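**Q** Take this structure, written in structure tokens, and hold onto it; I'll ask about it next.
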Amino acid sequence: MLASRPTARAAAAPAARARRAVRVVSFAQQPAATAVAANKASKPALTNGVIFRQLFDGASSTYTYLLADPLSLEAVLIDPVLEQAERDLEVVDGLGLNLVLTLNTHCHADHITGSGKLKALRPGVRSAIAAASGAAGDVQLRDGDSVPFGALALACIATPGHTSGCMSFYLPPAAPGAAGLVFTGDALLIRGCGRTDFQGGDAAGLYDTVHARLFSLPDDTLVLPGHDYRGRTASSIAEERALNPRLTKGRGEFVALMAGLGLPYPKQIDRALPANLEDGARFPYE
Ligand SMILES: N[C@@H](CCC(=O)N[C@@H](CSS)C(=O)NCC(=O)O)C(=O)O
């Protein structure tokens, strides 16, 4: 029942943390990022109990997500894109939020992360990525970690397969009756999934991890992918479990399908991978 589910706020409570022995990733020892006093009189609209914006980069068809705790106004950006750093900060500042963290779902091959530039523009902001990605980041995440922002927290779910270091971020329902949100990067796309032909890609592993770790989330959880190439914005766990044309296949058929995709390599791969391994820190890149 919806009402009996723990909310994200409750999940971040110290007692709950201790019971589950979750490693709570701390990034609070850094000075807080400078809050820009924007229009404090107006309250940003909430989506499922949280401040939420889906931002798009047309060149790479990448979604960047802004999430913030409505009480503390602490904000995180998931999968920021280098060329959109100023745009992202305009949205953050316009809503009067305090950006504390950038998170990457994986070491991207098609665009350079905005983490390095955002950190340079906002000293005090920190970056995080899965340790298994091999990429630099102030915080190295592991499966099961809890990433707090204000009174809310994202749960880290390792979802390797597109790359060996892919991680999804799950925000449990942030208010009674609200749906949870899961940021799946390129592990689970709307009616699709990430390719598995480079960076430690593993089709069988992706199939297993999506079925075991993502399809086991509550049905109404909103699926928020890292990309969409056809204008779609969101899905749900129930929809993808029932309708995803790749992942509803049997495991063997899925592996064969992925081996035969024959997709061209991303145009920016030779530029993006080395830059992302160093957290996009040495921008501007050629
Ligand atoms: N044409 C784009 C790259 C398109 C692509 O390969 N997308 C990846 C995610 S970014 S590495 C993917 O996994 N696609 C899955 C699919 O089925 O298309 C470019 O050149 O950047």
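The chains in the structure tokens are called A, B, ... from first to last as shown; in each chain the residues are counted from 1, and the ligands are counted from 1 in the order shown.
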Using only C-alpha atoms and all ligand atoms, find each protein or nucleic acid residue lying at most 9 Å from ligand 1; present the set as JSON, numbers by chain.
**A** {"A": [59, 60, 61, 62, 108, 109, 110, 111, 162, 185, 186, 187, 189, 192, 193, 194, 195, 196, 197, 198, 226, 227, 228, 229, 258, 261, 263, 264, 265, 266, 267, 268, 269]}
**Q** Could you pull the residues within 10 Å of Pro70 (chain A), counting only C-alpha atoms, minus those fewer than 5 positions along the same chain, as a PyMOL selection string?
**A** chain A and resi 43-46+49-52+75+97+150-152
**Q** Take the residues just selected and output them with N, CA and C atoms as a compact mmCIF listing (two decimals), in the first residue's frame.
**A**
# COMPACT_ATOMS: atom_id res chain seq x y z
N LYS A 43 7.66 29.68 -4.15
CA LYS A 43 8.11 28.32 -3.83
C LYS A 43 8.12 27.51 -5.11
N PRO A 44 9.24 26.81 -5.42
CA PRO A 44 9.25 25.96 -6.61
C PRO A 44 8.18 24.88 -6.51
N ALA A 45 7.54 24.58 -7.64
CA ALA A 45 6.51 23.54 -7.65
C ALA A 45 7.15 22.18 -7.35
N LEU A 46 6.41 21.32 -6.67
CA LEU A 46 6.92 20.00 -6.32
C LEU A 46 6.36 18.95 -7.28
N GLY A 49 6.55 15.26 -4.33
CA GLY A 49 7.10 15.66 -3.03
C GLY A 49 8.51 16.22 -3.08
N VAL A 50 9.04 16.43 -4.29
CA VAL A 50 10.42 16.88 -4.39
C VAL A 50 10.50 17.95 -5.48
N ILE A 51 11.47 18.84 -5.38
CA ILE A 51 11.69 19.79 -6.48
C ILE A 51 12.43 19.02 -7.57
N PHE A 52 11.86 19.01 -8.76
CA PHE A 52 12.34 18.15 -9.83
C PHE A 52 12.26 18.88 -11.16
N ALA A 75 20.38 20.91 -3.47
CA ALA A 75 20.07 20.35 -4.78
C ALA A 75 21.21 19.49 -5.31
N LEU A 97 17.93 27.59 -5.34
CA LEU A 97 18.46 26.35 -4.75
C LEU A 97 19.96 26.47 -4.47
N GLY A 150 19.92 17.52 1.78
CA GLY A 150 18.93 17.97 2.75
C GLY A 150 18.43 16.76 3.53
N ALA A 151 17.11 16.70 3.69
CA ALA A 151 16.52 15.59 4.45
C ALA A 151 16.18 14.41 3.56
N LEU A 152 16.46 14.50 2.26
CA LEU A 152 16.17 13.40 1.34
C LEU A 152 17.46 12.63 1.05
**Q** Any chance you could list, as an MDAnalysis selection string, the residues in region 9-215 of chain A that come up strand (DSSP E) when DSSP is run on the backbone?
**A** chainID A and resid 51:57 62:68 74:78 98:103 126:130 139:141 146:149 152:158 167:171 181:185 188:189 192:193
**Q** Restricted to C-alpha atoms, what would the selected residues look like written as a PDB file, in the first residue's frame?
**A**
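Output below, filename part_28.pdb:
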ATOM      1  CA  ILE A  51      11.694  19.793  -6.479  1.00  0.00           C
ATOM      2  CA  PHE A  52      12.340  18.148  -9.832  1.00  0.00           C
ATOM      3  CA  ARG A  53      13.282  19.389 -13.298  1.00  0.00           C
ATOM      4  CA  GLN A  54      14.139  17.357 -16.392  1.00  0.00           C
ATOM      5  CA  LEU A  55      16.582  19.250 -18.624  1.00  0.00           C
ATOM      6  CA  PHE A  56      17.641  18.242 -22.132  1.00  0.00           C
ATOM      7  CA  ASP A  57      20.780  18.525 -24.244  1.00  0.00           C
ATOM      8  CA  THR A  62      20.931  13.558 -22.843  1.00  0.00           C
ATOM      9  CA  TYR A  63      18.629  14.206 -19.919  1.00  0.00           C
ATOM     10  CA  THR A  64      20.051  16.044 -16.918  1.00  0.00           C
ATOM     11  CA  TYR A  65      17.956  15.965 -13.761  1.00  0.00           C
ATOM     12  CA  LEU A  66      17.757  18.578 -11.049  1.00  0.00           C
ATOM     13  CA  LEU A  67      16.468  17.350  -7.695  1.00  0.00           C
ATOM     14  CA  ALA A  68      16.158  19.371  -4.523  1.00  0.00           C
ATOM     15  CA  GLU A  74      19.863  21.528  -1.192  1.00  0.00           C
ATOM     16  CA  ALA A  75      20.070  20.346  -4.780  1.00  0.00           C
ATOM     17  CA  VAL A  76      21.829  17.707  -6.868  1.00  0.00           C
ATOM     18  CA  LEU A  77      22.302  17.507 -10.639  1.00  0.00           C
ATOM     19  CA  ILE A  78      22.322  14.050 -12.219  1.00  0.00           C
ATOM     20  CA  ASN A  98      21.833  25.502  -3.262  1.00  0.00           C
ATOM     21  CA  LEU A  99      23.677  23.063  -5.546  1.00  0.00           C
ATOM     22  CA  VAL A 100      25.734  20.678  -3.405  1.00  0.00           C
ATOM     23  CA  LEU A 101      26.505  17.692  -5.637  1.00  0.00           C
ATOM     24  CA  THR A 102      26.776  16.505  -9.226  1.00  0.00           C
ATOM     25  CA  LEU A 103      26.188  12.809  -9.826  1.00  0.00           C
ATOM     26  CA  ARG A 126      31.275  18.070  -5.134  1.00  0.00           C
ATOM     27  CA  SER A 127      31.007  15.318  -7.735  1.00  0.00           C
ATOM     28  CA  ALA A 128      30.210  11.619  -7.412  1.00  0.00           C
ATOM     29  CA  ILE A 129      30.346   8.555  -9.648  1.00  0.00           C
ATOM     30  CA  ALA A 130      30.559   4.799  -9.075  1.00  0.00           C
ATOM     31  CA  VAL A 139      32.925  10.780  -3.939  1.00  0.00           C
ATOM     32  CA  GLN A 140      33.371   7.191  -5.163  1.00  0.00           C
ATOM     33  CA  LEU A 141      30.032   5.419  -4.872  1.00  0.00           C
ATOM     34  CA  SER A 146      22.922   6.520   0.462  1.00  0.00           C
ATOM     35  CA  VAL A 147      23.492  10.002  -0.946  1.00  0.00           C
ATOM     36  CA  PRO A 148      21.768  12.613   1.211  1.00  0.00           C
ATOM     37  CA  PHE A 149      20.712  16.055   0.032  1.00  0.00           C
ATOM     38  CA  LEU A 152      16.174  13.398   1.337  1.00  0.00           C
ATOM     39  CA  ALA A 153      18.520  10.684   0.110  1.00  0.00           C
ATOM     40  CA  LEU A 154      19.186   8.791  -3.091  1.00  0.00           C
ATOM     41  CA  ALA A 155      19.891   5.074  -2.855  1.00  0.00           C
ATOM     42  CA  CYS A 156      22.690   3.821  -5.121  1.00  0.00           C
ATOM     43  CA  ILE A 157      21.810   0.698  -7.108  1.00  0.00           C
ATOM     44  CA  ALA A 158      24.649  -0.836  -9.135  1.00  0.00           C
ATOM     45  CA  MET A 167      24.760   3.053 -11.274  1.00  0.00           C
ATOM     46  CA  SER A 168      21.087   3.969 -10.943  1.00  0.00           C
ATOM     47  CA  PHE A 169      19.820   6.357  -8.283  1.00  0.00           C
ATOM     48  CA  TYR A 170      16.537   5.682  -6.522  1.00  0.00           C
ATOM     49  CA  LEU A 171      14.576   8.283  -4.594  1.00  0.00           C
ATOM     50  CA  LEU A 181      11.793   8.151  -8.901  1.00  0.00           C
ATOM     51  CA  VAL A 182      14.584   6.076 -10.410  1.00  0.00           C
ATOM     52  CA  PHE A 183      17.323   7.637 -12.523  1.00  0.00           C
ATOM     53  CA  THR A 184      18.510   4.783 -14.677  1.00  0.00           C
ATOM     54  CA  GLY A 185      21.214   6.386 -16.831  1.00  0.00           C
ATOM     55  CA  LEU A 188      17.162   1.130 -18.726  1.00  0.00           C
ATOM     56  CA  LEU A 189      15.843   3.439 -21.436  1.00  0.00           C
ATOM     57  CA  GLY A 192      14.957   0.149 -24.725  1.00  0.00           C
ATOM     58  CA  CYS A 193      18.274  -0.168 -22.911  1.00  0.00           C
TER      59      CYS A 193
END
**Q** Would you pick out the contacts of Arg23 (chain A) at 7 Å or less, using only C-alpha atoms, so that residues sharing its chain but fewer than 2 positions from it are not included, and give the list as a ChimeraX atom specification?
**A** /A:21,25,145-146
**Q** Env of Ala275 (chain A): 12 Å cut, atoms = only C-alpha atoms, seq-sep filter 3 positions within chain, self excluded. Answer as a ChimeraX atom specification.
**A** /A:81-82,107-117,135-136,268-272,278-286
**Q** Enumerate the residues of region 98-132 of chain A with a DSSP assignment of helix (DSSP H, G or I), computed from the backbone, and present them as a ChimeraX atom specification.
**A** /A:115-121,131-132
**Q** With distances taken over only C-alpha atoms, which residue among A:Val125, A:Ala131, A:Leu95, A:Ala203 lies nearest Leu257 (chain A)?
**A**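 Nearest to Leu257 (chain A): A:Ala203.
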**Q** Report the distance between CA of Ser26 (chain A) and CA of Ala234 (chain A) in Å, rounded to one decimal place.
**A** 29.5 Å
**Q** Rounded to one decimal place, report the CA of Leu118 (chain A)-CA of Gln199 (chain A) distance in Å.
**A**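 CA of Gln199 (chain A) lies 25.3 Å from CA of Leu118 (chain A).
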**Q** So which one's closest to Tyr207 (chain A), A:Leu71, A:Val24, A:Leu277, A:Ala256? Using only C-alpha atoms, please.
**A** A:Ala256
**Q** Quick one: of A:Arg251, A:His106, A:His211, A:Arg122, who's nearest to Glu86 (chain A), counting only C-alpha atoms?
**A**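 Result for the nearest residue to Glu86 (chain A): A:Arg122.
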**Q** Which residue is closest to Val210 (chain A)? Choose from A:Gly231, A:Gly124, A:Gly161, A:Pro245 and count only C-alpha atoms.
**A**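 Among the listed residues, the smallest separation from Val210 (chain A) belongs to A:Gly161.
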**Q** Using CA of Val92 (chain A) and CA of Asp79 (chain A) as the two end points, give the distance in Å to one decimal.
**A** 14.6 Å
**Q** Point out the residue among A:Pro176, A:Gly96, A:Gly165, A:Gly144 with the least atom-to-atom distance to Gly201 (chain A), counting only C-alpha atoms.
**A**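 Of A:Pro176, A:Gly96, A:Gly165, A:Gly144, the one nearest Gly201 (chain A) is A:Gly165, counting only C-alpha atoms.
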**Q** I need the residue nearest Thr105 (chain A) from this list: A:Gly180, A:Pro274, A:Gly205, A:Pro225. Use only C-alpha atoms for the distance.
**A**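 Ranked by minimum distance to Thr105 (chain A), first place goes to A:Pro225.
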**Q** Which polymer residues have any atom within 9 Å of an atom of Arg191 (chain A), counting only C-alpha atoms, with same-chain residues fewer than 6 positions away left out, as a PyMOL selection string?
**A** chain A and resi 235+239-240+243-247
